[in-house]
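First up is the structure itself, then whatever we jot down about it.
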Amino acid sequence: MSERKPLRSQAWFGGQDKDAFIHRSWMKNQGHPDDVFDGRPVIGICNTFSELTPCNAHLRDLADYVKRGIWEAGGLPLEFPVFSTGESNLRPTAMLFRNLASMDVEESIRGNPVDGVVLLTGCDKTTPSLLMGAASCDLPTIMVSGGPMLNGRHQGRTLGSGTDVWKLSEDVRAGVITPQQFAAAEAGMSRSAGHCMTMGTASTMGCFVEALGLALPENGTLPAVDARRRRLAQLSGRRIVEMVREDLILSKILTRQAFENAIRVTAAIGGSTNAVVHSLAIAGRAEIPLTLEDWDELGRDVPTLVDLMPAGRFLMEEFCYAGGVPALMTRISHLLHTDAPTVTGQSVGENIAGASVWNDEVIRPLDNPLVAHGGIVVLRGNLAPRGAVIKPAAASPELLKHRGKAVVFDNIEHFKSRIDDPDLEVDETSVLVLRNCGPKGYPGMPEVGNMALPKKLLARGVRDMVRISDARMSGTAFGAVVLHVAPEAAAGGPLGLVRDGDEITLDVEARILRLEVDDAELARRALDTVAQPATSRGGYERLYIDHVMQADTGADFDFLVGKRGAAVPRESH
Ligand code: FES
């Protein structure tokens with residue numbers, strides 16, 4: 001029988017020397033008896049709880065259930081806080097801080113006496129930031145999502161987070177509803193603990209990590225307030241202790257096959273475009289070769305089966321009650337690596353073996369998909385030499401092949417000051433172009449790519465137009481929106497060369513995004529154009545602008561790519 005690997009935590013808590021005394025003695029101020037330091041696995045619970053991140057505000061409660069499971073399995077749970085990147089409050093954009101949070105996670109894990117970690121996440125950026133940091137350390141790791149809110153309900157109708165904000169706010173601008181009616185919907189939309197319950201980025205990432213095999217089955221869909229989520233947290237606590245004993249480190253699960261499964265599941269659920277940029281960053285940390293092209297190729301033949309907002313009709317509660325991710329995976333099992341390992345200790349195929357679909361309206365059969373070819377399309381052309389993305393399922397089909405005249409906005413303030421100008425030369429065939437909203441340009445690549453439509457067109461009933469930017473958009477948003485144009489304008493990308501009235505061709509089926517201006521003219525314009533990253537006030541913003549990479553490689557910092565492991569040979573005393 002092979003010898004069990006010595007526990008990492010024993011380098012702190014084992015032995016009888018001065019350093020061991022220090023490590024144990026100070027921990028005993030929390031009331032721990034001697035025997036908890038006797039060689040049992042120490043599990044860090046990495047918690048993104050914050051009252052300023054409302055989607056994660058219930059995670060202290062969930063952590064208690066994780067702890068129960070860890071104690072039951074013979075481990076020692078130690079909870080610690082990390083930077084919580086809340087989407088709804090953080091300015092100028094939570095994405096600016098994803099990489100900062102990942103650094104916090106990585107160093108907190110590496111610097112502390114833990115043998116394994118439970119990652120407690122919820123809101124959009126909290127999931128990728130924790131996984132990026134953990135991947136660079138590569139200890140046994142399991143994820144527990146906070147789960148979605150219950151369906152929004154207001155005045156007899158169902159409301160979806162984000163998606164209905166965009167719809168209702170356009171209705172106000174179009175004069176269809178009053179500002180008072182708009183405000184009255186606030187409490188009804190967010191009426192329980194949890195994250196956005198549309199298939200936005202948080203739900204997408206919760207399902208993504210389940211498909212990666214990094215969370216227990218049903219992690220993606222169980223509502224935050226469903227008692228079964230507490231059960232899942234407790235079982236995850238038990239399981240991480242076993243994973244430490246089995247030396248089931250993150251890199252044994254986070255393989256190329258796991259990413260391929262997760263990309264296909266994202267296509268089948270109609271997941272957020274933000275999953276693209278996050279997955280590329282996570283893969284970079286895990287040293288798994290993954291490209292933008294993989295998203296197009298792997299998702300191309302996958303039908304979108306899950307009929308959820310923003311592309312479809314239902315919300316996460318219905319997806320859960322219909323069987324969730326395991327049931328969905330049975331429907332596309334022919335497209336998956338069912339032999340891929342997972343945190344349960346079993347393969348994907350074994351995990352989903354007993355799953356059934358309970359509602360064919362929500363998880364549709366293969367012969368009646370919501371969208372025949374789901375997935376995220378990667379566009380190329382002289383306007384996006386390193387690529388851009390669009391989610392066809394969320395766009396008006398008639399705009400997927402379109403040629404129109406550009407109306408250009410140099411930055412978000414320029415956009416806001418002009419979009420409702422009655423004299424703006426724009427009609428429903430125009431292409432709205434927004435630049436300087438990429439990683440370096442904003443800075444932080446905010447979710448402003450789904451630009452609001454001009455008021456005068458809204459009043460005429462127009463609800464979708466082709467929009468192009470180097471920004472991202474909320475996963476809860478919809479429209480013919482081309483995003484993540486790389487390189488961004490502030491890094492010298494051709495988006496900076498577009499002028500009002502230039503013709504632009506979008507052809508999603510042919511994967512083309514082209515500025516109909518000849519090369520000689522573009523070269524002339526380039527001589528007059530100075531691409532400039534955002535000016536910074538110094539501090540973290542300076543670090544970000546200097547080191548952030550472009551969207552096509554995940555917008556991570558160049559110096560964070562890769563694994564650095566968990567070893568720390570030096571002591572502080
Ligand atoms: Fe947190 Fe949507 S704002 S998940």
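Ligands are numbered from 1 in the order shown, chains are lettered A, B, ... in the order of the structure tokens, and residues start at 1 in each chain.
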Residues within 10 Å of ligand 1, counting only C-alpha atoms and all ligand atoms, as JSON, numbers by chain = {"A": [53, 54, 55, 56, 85, 86, 87, 88, 89, 94, 122, 123, 124, 125, 126, 146, 147, 148, 149, 161, 162, 194, 195, 196, 197, 198, 199, 200, 201, 202, 203, 204, 205, 474, 475, 476]}
Find the residues around Asn382 (chain A) up to 6 Å (only C-alpha atoms counted), leave out those fewer than 2 positions away in its own chain, and share them as a PyMOL selection string.
-> chain A and resi 384-385+514
Distance query Leu458 (chain A) at most 10 Å, only C-alpha atoms, self and fewer than 2 positions along chain excluded, as number ranges by chain = A: 170-171, 173-175, 428, 452-456, 460-464
May I have all residues of region 62-250 of chain A that DSSP, computed from the backbone, assigns to alpha helix (DSSP H), given as a PyMOL selection string?
-> chain A and resi 62-72+98-111+126-137+163-173+179-184+186-189+201-212+227-246+250
Which neighbours of region 355-362 of chain A fall inside 8 Å, counting only C-alpha atoms, when residues of the same chain fewer than 3 positions from it are skipped, and could you give them as a PyMOL selection string?
-> chain A and resi 305-308+314+318-319+321-323+326-328+330+352+365
Cut-off 9 Å: closest region 103-192 of chain A/region 557-562 of chain A atom pairs per residue, using only C-alpha atoms, as CSV:
```
residue,atom,partner,partner_atom,distance
A:Met103,CA,A:Leu560,CA,8.2
A:Ala135,CA,A:Gly562,CA,8.3
A:Ser136,CA,A:Gly562,CA,6.1
```
Those same residues - C-alpha atoms - I'd like them written as a PDB file, in the first residue's frame.
```pdb
ATOM      1  CA  MET A 103      -4.435  37.394  -6.346  1.00  0.00           C
ATOM      2  CA  ALA A 135      -5.812  26.961 -10.057  1.00  0.00           C
ATOM      3  CA  SER A 136      -2.499  28.747  -9.601  1.00  0.00           C
TER       4      SER A 136
END
```
Nearby residues (only C-alpha atoms) at most 8 Å from Ile43 (chain A), same-chain spacing under 5 positions excluded, as a list in words | Ile70, Gly75, Leu76, Pro77, Leu78, Val114, Asp115, Gly116, Val117, Val118, Ile240 and Val241 of chain A
Keeping only N, CA, C and O atoms, write the selected residues as an mmCIF file, in the first residue's frame.
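After the write, again-v9.cif holds the following:
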```
data_model
loop_
_atom_site.group_PDB
_atom_site.id
_atom_site.type_symbol
_atom_site.label_atom_id
_atom_site.label_comp_id
_atom_site.auth_asym_id
_atom_site.auth_seq_id
_atom_site.Cartn_x
_atom_site.Cartn_y
_atom_site.Cartn_z
ATOM 1 N N ILE A 70 -17.260 19.114 7.091
ATOM 2 C CA ILE A 70 -15.811 18.947 7.302
ATOM 3 C C ILE A 70 -15.555 18.296 8.661
ATOM 4 O O ILE A 70 -14.774 17.345 8.768
ATOM 5 N N GLY A 75 -12.171 16.532 9.486
ATOM 6 C CA GLY A 75 -11.275 17.632 9.126
ATOM 7 C C GLY A 75 -11.436 18.808 10.077
ATOM 8 O O GLY A 75 -12.298 18.801 10.964
ATOM 9 N N LEU A 76 -10.599 19.804 9.894
ATOM 10 C CA LEU A 76 -10.686 21.047 10.663
ATOM 11 C C LEU A 76 -11.028 22.182 9.699
ATOM 12 O O LEU A 76 -10.220 22.525 8.839
ATOM 13 N N PRO A 77 -12.246 22.753 9.795
ATOM 14 C CA PRO A 77 -12.621 23.848 8.891
ATOM 15 C C PRO A 77 -12.135 25.198 9.390
ATOM 16 O O PRO A 77 -12.283 25.508 10.580
ATOM 17 N N LEU A 78 -11.561 25.993 8.526
ATOM 18 C CA LEU A 78 -11.137 27.346 8.873
ATOM 19 C C LEU A 78 -11.583 28.290 7.751
ATOM 20 O O LEU A 78 -11.103 28.198 6.615
ATOM 21 N N VAL A 114 -3.423 25.266 4.943
ATOM 22 C CA VAL A 114 -4.601 24.504 4.511
ATOM 23 C C VAL A 114 -4.171 23.375 3.576
ATOM 24 O O VAL A 114 -3.223 23.512 2.809
ATOM 25 N N ASP A 115 -4.916 22.278 3.667
ATOM 26 C CA ASP A 115 -4.633 21.101 2.830
ATOM 27 C C ASP A 115 -5.581 21.014 1.638
ATOM 28 O O ASP A 115 -5.303 20.328 0.667
ATOM 29 N N GLY A 116 -6.709 21.673 1.764
ATOM 30 C CA GLY A 116 -7.694 21.680 0.691
ATOM 31 C C GLY A 116 -8.573 22.902 0.875
ATOM 32 O O GLY A 116 -8.564 23.518 1.947
ATOM 33 N N VAL A 117 -9.310 23.269 -0.174
ATOM 34 C CA VAL A 117 -10.149 24.468 -0.071
ATOM 35 C C VAL A 117 -11.544 24.244 -0.641
ATOM 36 O O VAL A 117 -11.725 23.517 -1.622
ATOM 37 N N VAL A 118 -12.489 24.906 0.017
ATOM 38 C CA VAL A 118 -13.862 24.997 -0.491
ATOM 39 C C VAL A 118 -14.041 26.439 -0.927
ATOM 40 O O VAL A 118 -13.791 27.359 -0.146
ATOM 41 N N ILE A 240 -14.559 17.233 0.551
ATOM 42 C CA ILE A 240 -13.230 17.846 0.402
ATOM 43 C C ILE A 240 -12.231 17.167 1.337
ATOM 44 O O ILE A 240 -11.050 17.021 0.998
ATOM 45 N N VAL A 241 -12.694 16.693 2.489
ATOM 46 C CA VAL A 241 -11.777 15.994 3.396
ATOM 47 C C VAL A 241 -11.299 14.696 2.737
ATOM 48 O O VAL A 241 -10.103 14.364 2.755
#
```
Where does DSSP see strand (DSSP E or B) in region 366-537 of chain A, if you list the residues as a VMD selection string?
-> chain A and resid 371 377 to 381 384 to 390 401 to 409 431 to 434 466 to 469 481 to 483 503 to 507 512 to 515
For region 477-483 of chain A, work out the shell of residues within 7 Å, counting only C-alpha atoms and skipping chain neighbours fewer than 2 positions away, then give it as a PDB file with N, CA, C and O atoms, in the first residue's frame.
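Okay, out_22.pdb is ready:
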```pdb
ATOM      1  N   GLY A 162     -31.987  41.346 -14.173  1.00  0.00           N
ATOM      2  CA  GLY A 162     -31.248  41.943 -15.287  1.00  0.00           C
ATOM      3  C   GLY A 162     -32.102  42.027 -16.540  1.00  0.00           C
ATOM      4  O   GLY A 162     -32.508  43.108 -16.963  1.00  0.00           O
ATOM      5  N   THR A 163     -32.465  40.881 -17.100  1.00  0.00           N
ATOM      6  CA  THR A 163     -33.202  40.851 -18.363  1.00  0.00           C
ATOM      7  C   THR A 163     -34.403  41.794 -18.325  1.00  0.00           C
ATOM      8  O   THR A 163     -34.628  42.587 -19.254  1.00  0.00           O
ATOM      9  N   PRO A 310     -31.897  35.100 -20.807  1.00  0.00           N
ATOM     10  CA  PRO A 310     -32.484  36.068 -21.723  1.00  0.00           C
ATOM     11  C   PRO A 310     -32.860  35.525 -23.097  1.00  0.00           C
ATOM     12  O   PRO A 310     -33.619  36.176 -23.811  1.00  0.00           O
ATOM     13  N   ALA A 388     -13.831  38.634 -32.040  1.00  0.00           N
ATOM     14  CA  ALA A 388     -14.923  39.273 -31.298  1.00  0.00           C
ATOM     15  C   ALA A 388     -15.972  38.183 -31.130  1.00  0.00           C
ATOM     16  O   ALA A 388     -15.925  37.163 -31.822  1.00  0.00           O
ATOM     17  N   VAL A 389     -16.891  38.357 -30.190  1.00  0.00           N
ATOM     18  CA  VAL A 389     -17.886  37.303 -29.960  1.00  0.00           C
ATOM     19  C   VAL A 389     -19.303  37.856 -30.075  1.00  0.00           C
ATOM     20  O   VAL A 389     -19.547  39.038 -29.859  1.00  0.00           O
ATOM     21  N   ILE A 390     -20.227  36.956 -30.407  1.00  0.00           N
ATOM     22  CA  ILE A 390     -21.654  37.280 -30.394  1.00  0.00           C
ATOM     23  C   ILE A 390     -22.411  36.030 -29.976  1.00  0.00           C
ATOM     24  O   ILE A 390     -21.968  34.909 -30.266  1.00  0.00           O
ATOM     25  N   ALA A 394     -29.304  35.144 -28.491  1.00  0.00           N
ATOM     26  CA  ALA A 394     -29.903  36.310 -27.826  1.00  0.00           C
ATOM     27  C   ALA A 394     -30.177  37.446 -28.810  1.00  0.00           C
ATOM     28  O   ALA A 394     -30.636  38.508 -28.408  1.00  0.00           O
ATOM     29  N   ALA A 395     -29.890  37.224 -30.094  1.00  0.00           N
ATOM     30  CA  ALA A 395     -30.024  38.309 -31.081  1.00  0.00           C
ATOM     31  C   ALA A 395     -31.259  38.112 -31.949  1.00  0.00           C
ATOM     32  O   ALA A 395     -31.775  36.992 -32.077  1.00  0.00           O
ATOM     33  N   SER A 396     -31.721  39.191 -32.553  1.00  0.00           N
ATOM     34  CA  SER A 396     -32.829  39.084 -33.508  1.00  0.00           C
ATOM     35  C   SER A 396     -32.289  38.406 -34.766  1.00  0.00           C
ATOM     36  O   SER A 396     -31.324  38.890 -35.358  1.00  0.00           O
ATOM     37  N   LEU A 399     -30.993  40.203 -37.913  1.00  0.00           N
ATOM     38  CA  LEU A 399     -29.799  41.065 -37.849  1.00  0.00           C
ATOM     39  C   LEU A 399     -28.494  40.273 -37.907  1.00  0.00           C
ATOM     40  O   LEU A 399     -27.412  40.854 -37.875  1.00  0.00           O
ATOM     41  N   GLY A 449     -21.665  46.944 -23.408  1.00  0.00           N
ATOM     42  CA  GLY A 449     -21.743  46.634 -24.836  1.00  0.00           C
ATOM     43  C   GLY A 449     -23.166  46.570 -25.372  1.00  0.00           C
ATOM     44  O   GLY A 449     -23.397  46.794 -26.560  1.00  0.00           O
ATOM     45  N   ASN A 450     -24.129  46.262 -24.506  1.00  0.00           N
ATOM     46  CA  ASN A 450     -25.535  46.238 -24.951  1.00  0.00           C
ATOM     47  C   ASN A 450     -26.096  47.651 -24.822  1.00  0.00           C
ATOM     48  O   ASN A 450     -26.971  47.927 -24.005  1.00  0.00           O
ATOM     49  N   ASP A 464     -34.138  46.142 -31.380  1.00  0.00           N
ATOM     50  CA  ASP A 464     -32.802  45.553 -31.530  1.00  0.00           C
ATOM     51  C   ASP A 464     -32.088  46.234 -32.695  1.00  0.00           C
ATOM     52  O   ASP A 464     -32.722  46.642 -33.676  1.00  0.00           O
ATOM     53  N   MET A 465     -30.801  46.389 -32.548  1.00  0.00           N
ATOM     54  CA  MET A 465     -29.943  46.924 -33.617  1.00  0.00           C
ATOM     55  C   MET A 465     -28.580  46.259 -33.474  1.00  0.00           C
ATOM     56  O   MET A 465     -28.234  45.770 -32.403  1.00  0.00           O
ATOM     57  N   VAL A 466     -27.779  46.278 -34.532  1.00  0.00           N
ATOM     58  CA  VAL A 466     -26.419  45.758 -34.432  1.00  0.00           C
ATOM     59  C   VAL A 466     -25.580  46.761 -33.639  1.00  0.00           C
ATOM     60  O   VAL A 466     -25.590  47.960 -33.924  1.00  0.00           O
ATOM     61  N   ARG A 467     -24.911  46.239 -32.620  1.00  0.00           N
ATOM     62  CA  ARG A 467     -24.046  47.062 -31.773  1.00  0.00           C
ATOM     63  C   ARG A 467     -22.689  46.370 -31.663  1.00  0.00           C
ATOM     64  O   ARG A 467     -22.642  45.146 -31.533  1.00  0.00           O
ATOM     65  N   ILE A 468     -21.628  47.149 -31.716  1.00  0.00           N
ATOM     66  CA  ILE A 468     -20.266  46.587 -31.712  1.00  0.00           C
ATOM     67  C   ILE A 468     -19.410  47.365 -30.722  1.00  0.00           C
ATOM     68  O   ILE A 468     -19.441  48.593 -30.722  1.00  0.00           O
ATOM     69  N   SER A 469     -18.658  46.639 -29.897  1.00  0.00           N
ATOM     70  CA  SER A 469     -17.780  47.341 -28.952  1.00  0.00           C
ATOM     71  C   SER A 469     -16.645  46.440 -28.491  1.00  0.00           C
ATOM     72  O   SER A 469     -16.656  45.222 -28.721  1.00  0.00           O
ATOM     73  N   ASP A 470     -15.709  47.062 -27.784  1.00  0.00           N
ATOM     74  CA  ASP A 470     -14.646  46.282 -27.138  1.00  0.00           C
ATOM     75  C   ASP A 470     -15.001  46.009 -25.679  1.00  0.00           C
ATOM     76  O   ASP A 470     -14.166  45.545 -24.904  1.00  0.00           O
ATOM     77  N   ALA A 471     -16.255  46.262 -25.309  1.00  0.00           N
ATOM     78  CA  ALA A 471     -16.732  46.009 -23.945  1.00  0.00           C
ATOM     79  C   ALA A 471     -17.295  44.584 -23.832  1.00  0.00           C
ATOM     80  O   ALA A 471     -17.241  43.799 -24.775  1.00  0.00           O
ATOM     81  N   ARG A 472     -17.833  44.274 -22.660  1.00  0.00           N
ATOM     82  CA  ARG A 472     -18.610  43.049 -22.460  1.00  0.00           C
ATOM     83  C   ARG A 472     -20.079  43.450 -22.326  1.00  0.00           C
ATOM     84  O   ARG A 472     -20.417  44.623 -22.366  1.00  0.00           O
ATOM     85  N   MET A 473     -20.963  42.461 -22.179  1.00  0.00           N
ATOM     86  CA  MET A 473     -22.327  42.792 -21.783  1.00  0.00           C
ATOM     87  C   MET A 473     -22.763  41.832 -20.700  1.00  0.00           C
ATOM     88  O   MET A 473     -22.206  40.738 -20.559  1.00  0.00           O
ATOM     89  N   SER A 474     -23.746  42.271 -19.927  1.00  0.00           N
ATOM     90  CA  SER A 474     -24.292  41.398 -18.902  1.00  0.00           C
ATOM     91  C   SER A 474     -24.812  40.126 -19.552  1.00  0.00           C
ATOM     92  O   SER A 474     -25.414  40.169 -20.629  1.00  0.00           O
ATOM     93  N   GLY A 475     -24.614  39.013 -18.866  1.00  0.00           N
ATOM     94  CA  GLY A 475     -25.156  37.752 -19.370  1.00  0.00           C
ATOM     95  C   GLY A 475     -26.670  37.737 -19.375  1.00  0.00           C
ATOM     96  O   GLY A 475     -27.284  36.876 -19.996  1.00  0.00           O
ATOM     97  N   VAL A 485     -14.273  42.944 -28.838  1.00  0.00           N
ATOM     98  CA  VAL A 485     -13.450  43.158 -30.036  1.00  0.00           C
ATOM     99  C   VAL A 485     -11.983  43.287 -29.617  1.00  0.00           C
ATOM    100  O   VAL A 485     -11.643  44.089 -28.742  1.00  0.00           O
TER     101      VAL A 485
END
```
